[in-house]
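Source file coords14.tsv; content: TSV, C-alpha atoms.
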```tsv
chain	number	residue	atom	x	y	z
A	1	MET	CA	-52.27	-27.69	30.68
A	2	LYS	CA	-51.73	-28.93	34.24
A	3	VAL	CA	-48.65	-27.19	35.64
A	4	LEU	CA	-47.04	-28.44	38.86
A	5	LEU	CA	-45.47	-25.28	40.26
A	6	LEU	CA	-42.71	-26.06	42.76
A	7	TYR	CA	-41.75	-23.24	45.11
A	8	GLY	CA	-40.21	-22.44	48.50
A	9	GLY	CA	-37.18	-24.66	48.88
A	10	ARG	CA	-34.44	-25.26	51.41
A	11	SER	CA	-32.16	-22.36	50.51
A	12	ALA	CA	-31.81	-18.93	52.08
A	13	GLU	CA	-33.83	-17.61	49.13
A	14	HIS	CA	-37.00	-19.41	50.28
A	15	ASP	CA	-38.95	-16.20	50.93
A	16	VAL	CA	-38.05	-14.72	47.54
A	17	SER	CA	-39.38	-17.89	45.91
A	18	LEU	CA	-42.76	-17.47	47.59
A	19	VAL	CA	-43.23	-14.07	45.98
A	20	SER	CA	-42.02	-15.24	42.55
A	21	ALA	CA	-44.34	-18.26	42.67
A	22	GLY	CA	-47.38	-16.16	43.44
A	23	PHE	CA	-46.75	-13.98	40.39
A	24	VAL	CA	-46.10	-16.94	38.06
A	25	ARG	CA	-49.22	-18.72	39.32
A	26	GLU	CA	-51.40	-15.69	38.63
A	27	VAL	CA	-50.12	-15.30	35.07
A	28	LEU	CA	-50.49	-19.01	34.30
A	29	CYS	CA	-54.02	-19.15	35.72
A	30	ASN	CA	-55.05	-16.08	33.75
A	31	SER	CA	-53.74	-17.84	30.63
A	32	GLY	CA	-56.04	-20.80	31.23
A	33	HIS	CA	-53.62	-23.27	32.80
A	34	GLU	CA	-54.47	-25.36	35.84
A	35	VAL	CA	-51.77	-24.70	38.43
A	36	ILE	CA	-50.99	-27.16	41.22
A	37	MET	CA	-48.97	-25.38	43.92
A	38	VAL	CA	-46.51	-27.67	45.72
A	39	LEU	CA	-44.49	-26.10	48.51
A	40	ILE	CA	-41.05	-27.44	49.34
A	41	GLY	CA	-40.50	-26.55	52.99
A	42	ARG	CA	-37.28	-25.44	54.60
A	43	ASP	CA	-37.07	-29.00	55.94
A	44	GLY	CA	-37.17	-30.39	52.37
A	45	GLY	CA	-40.68	-31.85	52.68
A	46	TRP	CA	-43.10	-31.51	49.77
A	47	ARG	CA	-46.66	-30.47	50.57
A	48	LEU	CA	-49.90	-29.85	48.68
A	49	GLU	CA	-51.76	-27.47	50.97
A	50	GLU	CA	-51.42	-29.25	54.34
A	51	ASP	CA	-50.89	-32.76	53.00
A	52	ALA	CA	-47.47	-34.34	52.66
A	53	ILE	CA	-46.60	-35.65	49.20
A	54	THR	CA	-45.15	-39.09	48.61
A	55	VAL	CA	-43.24	-40.28	45.55
A	56	SER	CA	-43.64	-43.66	43.92
A	57	ALA	CA	-40.69	-44.65	41.74
A	58	ASP	CA	-42.29	-47.92	40.60
A	59	GLY	CA	-42.00	-47.29	36.89
A	60	THR	CA	-41.59	-44.16	34.76
A	61	PRO	CA	-42.83	-41.50	35.06
A	62	TRP	CA	-42.72	-41.48	38.83
A	63	GLU	CA	-46.00	-40.78	40.57
A	64	LEU	CA	-46.77	-38.12	43.16
A	65	ARG	CA	-49.51	-38.76	45.70
A	66	SER	CA	-51.23	-36.59	48.25
A	67	GLY	CA	-52.70	-39.02	50.73
A	68	SER	CA	-54.34	-41.72	48.64
A	69	GLU	CA	-54.88	-39.45	45.64
A	70	ARG	CA	-52.59	-39.36	42.64
A	71	ILE	CA	-51.47	-35.87	41.54
A	72	SER	CA	-51.83	-35.60	37.78
A	73	PHE	CA	-49.79	-32.98	35.88
A	74	ASP	CA	-48.25	-32.32	32.47
A	75	ILE	CA	-45.14	-30.33	33.37
A	76	VAL	CA	-43.12	-29.20	36.38
A	77	PHE	CA	-42.38	-25.47	36.60
A	78	PRO	CA	-39.70	-24.84	39.27
A	79	VAL	CA	-39.74	-21.37	40.80
A	80	LEU	CA	-36.97	-22.16	43.28
A	81	HIS	CA	-34.06	-19.80	43.76
A	82	GLY	CA	-30.67	-20.96	45.01
A	83	PRO	CA	-29.32	-24.37	46.09
A	84	MET	CA	-31.58	-27.43	45.93
A	85	GLY	CA	-33.70	-25.84	43.24
A	86	GLU	CA	-31.69	-23.76	40.78
A	87	ASP	CA	-28.43	-25.72	40.87
A	88	GLY	CA	-29.28	-28.84	38.85
A	89	THR	CA	-30.35	-31.05	41.75
A	90	LEU	CA	-34.08	-30.67	41.14
A	91	GLN	CA	-33.54	-30.76	37.39
A	92	GLY	CA	-31.78	-34.11	37.77
A	93	LEU	CA	-34.65	-35.41	39.86
A	94	CYS	CA	-37.12	-34.42	37.14
A	95	MET	CA	-34.99	-36.18	34.52
A	96	MET	CA	-34.89	-39.39	36.56
A	97	ALA	CA	-38.61	-39.17	37.28
A	98	GLY	CA	-39.48	-38.69	33.62
A	99	TRP	CA	-41.20	-35.34	34.18
A	100	PRO	CA	-41.01	-32.51	31.63
A	101	PHE	CA	-39.71	-29.43	33.42
A	102	ALA	CA	-39.41	-25.74	32.58
A	103	GLY	CA	-36.11	-23.92	32.55
A	104	ALA	CA	-32.48	-24.87	32.12
A	105	GLY	CA	-31.26	-28.45	32.20
A	106	VAL	CA	-29.00	-30.21	34.70
A	107	MET	CA	-25.58	-29.16	33.39
A	108	THR	CA	-26.59	-25.59	32.59
A	109	SER	CA	-28.21	-25.11	35.99
A	110	SER	CA	-25.24	-26.54	37.87
A	111	MET	CA	-22.58	-24.58	36.02
A	112	ALA	CA	-24.46	-21.29	36.05
A	113	MET	CA	-25.18	-21.54	39.77
A	114	ASN	CA	-21.49	-21.99	40.54
A	115	LYS	CA	-19.96	-18.53	40.11
A	116	VAL	CA	-16.45	-20.01	39.92
A	117	THR	CA	-17.38	-22.37	37.08
A	118	ALA	CA	-19.36	-19.67	35.28
A	119	LYS	CA	-16.41	-17.27	35.35
A	120	LEU	CA	-14.05	-19.98	34.09
A	121	MET	CA	-16.43	-20.69	31.21
A	122	ALA	CA	-16.84	-16.98	30.46
A	123	GLY	CA	-13.09	-16.51	30.26
A	124	THR	CA	-12.77	-19.51	27.95
A	125	CYS	CA	-15.40	-18.00	25.63
A	126	GLY	CA	-13.66	-14.63	25.54
A	127	LEU	CA	-16.05	-12.74	27.80
A	128	PRO	CA	-14.20	-10.23	29.98
A	129	VAL	CA	-14.37	-10.80	33.74
A	130	LEU	CA	-12.94	-8.81	36.61
A	131	PRO	CA	-9.88	-10.27	38.39
A	132	TRP	CA	-10.94	-12.92	40.89
A	133	THR	CA	-9.82	-15.80	43.04
A	134	PHE	CA	-11.55	-18.42	45.17
A	135	PHE	CA	-11.12	-20.43	48.35
A	136	GLU	CA	-12.14	-24.07	48.53
A	137	GLU	CA	-14.00	-25.46	51.50
A	138	GLY	CA	-11.79	-25.83	54.54
A	139	CYS	CA	-8.93	-23.73	53.10
A	140	GLU	CA	-7.63	-20.66	54.87
A	141	PRO	CA	-8.09	-17.36	53.02
A	142	ASP	CA	-5.03	-16.57	50.91
A	143	MET	CA	-4.39	-12.96	51.89
A	144	GLU	CA	-1.64	-12.56	49.29
A	145	ALA	CA	-3.89	-13.76	46.46
A	146	VAL	CA	-6.56	-11.27	47.50
A	147	SER	CA	-4.08	-8.40	47.82
A	148	THR	CA	-3.04	-8.88	44.19
A	149	LEU	CA	-6.64	-8.10	43.20
A	150	GLY	CA	-6.52	-4.76	45.00
A	151	TYR	CA	-9.09	-3.54	47.49
A	152	PRO	CA	-12.03	-3.18	47.65
A	153	VAL	CA	-13.11	-6.72	46.87
A	154	PHE	CA	-16.45	-8.51	47.07
A	155	VAL	CA	-16.59	-11.82	48.92
A	156	LYS	CA	-19.40	-14.12	47.83
A	157	PRO	CA	-20.72	-17.63	48.45
A	158	ALA	CA	-20.01	-19.29	45.10
A	159	ARG	CA	-23.39	-21.05	44.87
A	160	MET	CA	-25.96	-18.62	46.23
A	161	GLY	CA	-28.11	-15.83	44.78
A	162	SER	CA	-30.08	-12.73	45.80
A	163	SER	CA	-26.84	-11.23	47.20
A	164	VAL	CA	-27.16	-13.50	50.26
A	165	GLY	CA	-23.90	-13.74	52.22
A	166	ILE	CA	-22.03	-11.14	50.13
A	167	SER	CA	-19.72	-8.57	51.73
A	168	ARG	CA	-17.74	-5.63	50.43
A	169	VAL	CA	-14.23	-5.71	51.92
A	170	ASP	CA	-12.20	-2.49	51.92
A	171	ALA	CA	-9.15	-3.63	53.92
A	172	PRO	CA	-7.34	-6.90	54.77
A	173	VAL	CA	-8.53	-6.77	58.37
A	174	GLU	CA	-12.13	-7.27	57.17
A	175	LEU	CA	-11.45	-10.27	54.95
A	176	ARG	CA	-11.66	-13.14	57.42
A	177	ALA	CA	-15.06	-12.09	58.77
A	178	ALA	CA	-16.40	-11.73	55.22
A	179	VAL	CA	-15.20	-15.23	54.32
A	180	GLU	CA	-16.81	-16.66	57.45
A	181	LEU	CA	-20.12	-14.99	56.53
A	182	ALA	CA	-19.96	-16.40	53.00
A	183	ARG	CA	-19.18	-19.88	54.34
A	184	ARG	CA	-22.38	-19.91	56.36
A	185	HIS	CA	-24.04	-20.40	52.98
A	186	ASP	CA	-21.38	-22.22	50.93
A	187	GLY	CA	-17.96	-23.69	51.64
A	188	LEU	CA	-16.73	-22.51	48.22
A	189	VAL	CA	-16.02	-18.77	48.34
A	190	LEU	CA	-15.43	-16.37	45.44
A	191	VAL	CA	-13.43	-13.17	45.90
A	192	GLU	CA	-13.73	-10.62	43.11
A	193	LYS	CA	-12.11	-7.24	42.55
A	194	GLY	CA	-14.56	-4.46	43.34
A	195	MET	CA	-15.27	-1.87	40.69
A	196	VAL	CA	-15.61	1.73	41.86
A	197	ARG	CA	-18.90	3.30	40.72
A	198	ALA	CA	-19.87	0.20	38.73
A	199	ARG	CA	-23.14	0.19	36.85
A	200	GLU	CA	-25.08	-3.09	36.78
A	201	ILE	CA	-26.59	-3.92	33.39
A	202	GLU	CA	-28.93	-6.89	33.02
A	203	VAL	CA	-30.38	-8.76	30.03
A	204	ALA	CA	-33.24	-11.28	29.99
A	205	LEU	CA	-32.81	-14.39	27.84
A	206	LEU	CA	-34.94	-17.10	26.25
A	207	ALA	CA	-33.46	-20.19	24.59
A	208	GLU	CA	-35.66	-22.16	22.23
A	209	GLU	CA	-34.66	-24.94	19.84
A	210	GLY	CA	-30.98	-24.07	20.15
A	211	ARG	CA	-31.43	-20.35	19.54
A	212	VAL	CA	-30.93	-17.73	22.26
A	213	SER	CA	-32.83	-14.44	22.08
A	214	SER	CA	-32.28	-11.43	24.31
A	215	SER	CA	-34.29	-8.51	25.66
A	216	ILE	CA	-33.27	-4.91	25.67
A	217	PRO	CA	-30.84	-4.21	28.54
A	218	GLY	CA	-31.90	-2.69	31.84
A	219	GLU	CA	-29.92	-1.03	34.60
A	220	ILE	CA	-30.08	-1.47	38.36
A	221	VAL	CA	-29.59	1.71	40.39
A	222	PRO	CA	-29.25	0.63	44.03
A	223	GLY	CA	-30.69	2.82	46.75
A	224	LEU	CA	-27.77	1.88	49.00
A	225	GLU	CA	-24.01	1.88	48.47
A	226	TRP	CA	-24.18	-1.39	46.52
A	227	TYR	CA	-26.87	-3.83	45.46
A	228	ASP	CA	-27.02	-6.15	48.47
A	229	TYR	CA	-30.06	-8.10	49.72
A	230	GLU	CA	-31.40	-5.07	51.57
A	231	ALA	CA	-31.13	-2.88	48.48
A	232	LYS	CA	-32.85	-5.52	46.33
A	233	TYR	CA	-35.87	-6.24	48.46
A	234	ASN	CA	-36.25	-3.66	51.23
A	235	CYS	CA	-35.04	-0.33	49.84
A	236	PRO	CA	-37.59	1.89	48.07
A	237	GLY	CA	-34.72	4.01	46.74
A	238	SER	CA	-33.51	1.22	44.43
A	239	ARG	CA	-34.62	1.72	40.82
A	240	LEU	CA	-34.82	-0.25	37.58
A	241	LEU	CA	-34.05	1.77	34.46
A	242	ILE	CA	-35.61	0.16	31.39
A	243	PRO	CA	-34.15	0.54	28.87
A	244	ALA	CA	-30.70	1.10	30.33
A	245	PRO	CA	-29.47	4.64	29.49
A	246	ILE	CA	-26.51	3.50	27.39
A	247	PRO	CA	-25.57	4.10	23.73
A	248	ASP	CA	-27.19	1.86	21.12
A	249	GLY	CA	-23.88	0.28	20.19
A	250	LEU	CA	-23.17	-0.64	23.79
A	251	ALA	CA	-26.69	-2.04	24.19
A	252	GLU	CA	-26.15	-4.32	21.20
A	253	LYS	CA	-22.79	-5.40	22.58
A	254	VAL	CA	-24.17	-6.38	25.98
A	255	ARG	CA	-27.03	-8.29	24.34
A	256	SER	CA	-24.53	-10.22	22.23
A	257	MET	CA	-22.43	-10.98	25.31
A	258	ALA	CA	-25.52	-12.10	27.21
A	259	GLU	CA	-26.53	-14.47	24.42
A	260	THR	CA	-22.98	-15.86	24.32
A	261	SER	CA	-22.99	-16.41	28.08
A	262	PHE	CA	-26.14	-18.57	27.89
A	263	SER	CA	-25.04	-20.38	24.74
A	264	MET	CA	-21.70	-21.31	26.32
A	265	LEU	CA	-23.63	-23.22	28.97
A	266	SER	CA	-25.87	-24.92	26.38
A	267	GLY	CA	-28.75	-23.01	27.87
A	268	SER	CA	-32.39	-23.79	27.28
A	269	GLY	CA	-35.48	-22.24	28.81
A	270	PHE	CA	-34.78	-18.86	30.35
A	271	ALA	CA	-32.17	-16.88	32.27
A	272	ARG	CA	-30.95	-13.40	33.16
A	273	ALA	CA	-27.34	-12.39	32.51
A	274	ASP	CA	-25.74	-9.64	34.62
A	275	PHE	CA	-22.83	-7.41	33.64
A	276	LEU	CA	-20.81	-4.62	35.22
A	277	LEU	CA	-20.04	-1.43	33.29
A	278	ASP	CA	-17.17	0.87	34.25
A	279	SER	CA	-16.83	4.61	33.65
A	280	SER	CA	-14.83	3.99	30.45
A	281	GLY	CA	-17.58	1.91	28.87
A	282	ASN	CA	-15.94	-1.48	29.49
A	283	LEU	CA	-18.31	-4.38	30.14
A	284	TYR	CA	-17.54	-7.35	32.38
A	285	PHE	CA	-19.51	-10.57	32.76
A	286	ASN	CA	-20.74	-10.92	36.34
A	287	GLU	CA	-23.08	-13.92	36.52
A	288	ILE	CA	-26.01	-15.72	34.95
A	289	ASN	CA	-29.18	-16.77	36.76
A	290	THR	CA	-31.22	-19.67	35.37
A	291	ILE	CA	-34.23	-19.04	37.64
A	292	PRO	CA	-34.13	-15.25	38.09
A	293	GLY	CA	-36.54	-13.34	40.26
A	294	PHE	CA	-40.01	-13.60	38.71
A	295	THR	CA	-42.18	-11.11	40.57
A	296	GLY	CA	-44.22	-8.24	39.21
A	297	ILE	CA	-41.34	-5.86	39.92
A	298	SER	CA	-38.49	-8.16	38.85
A	299	MET	CA	-36.12	-7.24	36.06
A	300	PHE	CA	-36.66	-10.44	34.03
A	301	PRO	CA	-40.38	-10.01	33.22
A	302	LYS	CA	-40.10	-6.23	32.99
A	303	LEU	CA	-37.31	-6.46	30.41
A	304	TRP	CA	-39.38	-8.76	28.20
A	305	GLU	CA	-42.43	-6.56	28.49
A	306	ALA	CA	-40.35	-3.54	27.46
A	307	SER	CA	-39.04	-5.59	24.53
A	308	GLY	CA	-42.57	-6.20	23.28
A	309	VAL	CA	-43.05	-9.71	24.70
A	310	PRO	CA	-45.83	-9.86	27.32
A	311	VAL	CA	-45.24	-12.04	30.36
A	312	PRO	CA	-47.94	-14.59	29.42
A	313	GLU	CA	-46.18	-15.12	26.09
A	314	VAL	CA	-42.83	-15.50	27.87
A	315	LEU	CA	-44.27	-18.28	30.06
A	316	GLU	CA	-45.88	-20.00	27.07
A	317	ARG	CA	-42.54	-19.99	25.26
A	318	ILE	CA	-40.78	-21.40	28.33
A	319	ILE	CA	-43.34	-24.20	28.65
A	320	GLY	CA	-43.27	-24.91	24.91
A	321	GLU	CA	-39.49	-25.29	24.93
A	322	ALA	CA	-39.69	-27.62	27.94
A	323	ILE	CA	-42.17	-29.90	26.16
A	324	ARG	CA	-40.08	-29.94	22.97
A	325	ARG	CA	-36.89	-30.74	24.91
A	326	HIS	CA	-38.62	-33.58	26.74
A	327	SER	CA	-39.86	-34.97	23.43
A	328	ARG	CA	-36.41	-34.70	21.83
A	329	LEU	CA	-34.89	-36.65	24.70
A	330	GLY	CA	-37.44	-39.39	24.19
A	331	GLY	CA	-38.88	-39.02	27.67
A	332	PRO	CA	-42.19	-40.44	28.78
A	333	GLY	CA	-45.18	-38.24	29.52
A	334	GLY	CA	-45.76	-36.09	32.60
A	335	GLY	CA	-46.87	-37.20	36.01
A	336	GLY	CA	-50.23	-38.39	34.82
```
With the file now loaded, output its structure as structure tokens.
Amino acid sequence: MKVLLLYGGRSAEHDVSLVSAGFVREVLCNSGHEVIMVLIGRDGGWRLEEDAITVSADGTPWELRSGSERISFDIVFPVLHGPMGEDGTLQGLCMMAGWPFAGAGVMTSSMAMNKVTAKLMAGTCGLPVLPWTFFEEGCEPDMEAVSTLGYPVFVKPARMGSSVGISRVDAPVELRAAVELARRHDGLVLVEKGMVRAREIEVALLAEEGRVSSSIPGEIVPGLEWYDYEAKYNCPGSRLLIPAPIPDGLAEKVRSMAETSFSMLSGSGFARADFLLDSSGNLYFNEINTIPGFTGISMFPKLWEASGVPVPEVLERIIGEAIRRHSRLGGPGGGG
């Protein structure tokens, strides 16, 4: 199959996408697929090697061209983390263009990427969440609303991943600077009560033909005080514990909660759901990522491997679901 792998992107997670794309490309090529690597630059331009790509919307499916040559492909596989890639914008483009695409659909991507919306949905479905509030773009931080949460709190851009722009705030005097940092990445800011000595438990998910399946849980042990960008990508002391060292009953509970979190968003394709565990054994929904990190050391592929599903099979199942979804929606064929 000809797979158009889109990577890079305009978000602050551009560099993470480059690493994920290299890993996905290698696995797909080793499985016999032909992979066409298309880089989306920080400027938003699409390029095949050094050539700019143009789009022809004269009919459906839309055509991609590199110079005078048409780019033929069967499916788009986005490996784009963050805004303009994971948030439903690219997924909507693929729908309009008539291209089958791997991963979650438009609504699921958009709602999962927005931490405010995801927490509202989680609460509606009965999943426990930590106390939180949010500030809309242009609004002054409500110090009283934050104080009711109790310090410390975490201040986050609502539509960003990889812990970009997140701050831990231990006192009111630190709040304004943390909000300003978050707003460099997103005008919508989430403020969430911090949990002392929280454990981060993660579950990988696949959704096929309306059924969500989950991996065994894993645990993140940060090498720094908390799991920020530095701890994720530049700290050799950070560790992944697979399986998570938790009782069997708790493992089954977090898997059930993870499946519920993806189902509530009508998820298809793949995702990773993240939870926080306190010292009393209480679990709290944190967030869900519809294009999680996909490198050789990332939690998503490692969890599936530990669950008895090799990475090549995971990718085949993701692609198979994308083709079935496209067929169900009555879409035309790929880009050629």
Nearby residues (all atoms listed in the file) at most 9 Å from stretch 247-255 of chain A, same-chain spacing under 4 positions excluded, as an MDAnalysis selection string: chainID A and resid 201:204 213:217 259:260 275 281 283
Selected residues written out with C-alpha atoms, as a compact mmCIF listing (two decimals), in the coordinates of the input:
```txt
# COMPACT_ATOMS: atom_id res chain seq x y z
CA ILE A 201 -26.59 -3.92 33.39
CA GLU A 202 -28.93 -6.89 33.02
CA VAL A 203 -30.38 -8.76 30.03
CA ALA A 204 -33.24 -11.28 29.99
CA SER A 213 -32.83 -14.44 22.08
CA SER A 214 -32.28 -11.43 24.31
CA SER A 215 -34.29 -8.51 25.66
CA ILE A 216 -33.27 -4.91 25.67
CA PRO A 217 -30.84 -4.21 28.54
CA GLU A 259 -26.53 -14.47 24.42
CA THR A 260 -22.98 -15.86 24.32
CA PHE A 275 -22.83 -7.41 33.64
CA GLY A 281 -17.58 1.91 28.87
CA LEU A 283 -18.31 -4.38 30.14
```
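Counting all atoms listed in the file, the residue from A:Ala104, A:Val19, A:Leu241, A:Leu329 that sits nearest to A:Pro222 is A:Leu241.
Nearest to A:Ala52 of all the residues A:Arg65, A:Arg317, A:Arg325, A:Lys302 is A:Arg65, counting only C-alpha atoms.
For the set A:Arg324, A:Arg239, A:Arg168, A:Lys156, the residue with the smallest atom-to-atom gap to A:Glu209 is A:Arg324, counting all atoms listed in the file.
Minimum atom-to-atom distance to A:Leu188, evaluated using only C-alpha atoms, belongs to A:Asn114 out of A:Thr290, A:Asn114, A:Thr148, A:Ser238.
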Contacts of A:Thr89 at 9 Å (all atoms listed in the file; same-chain gap of 6+ positions) as a list in words: Pro83, Val106, Ser109 and Ser110 of chain A
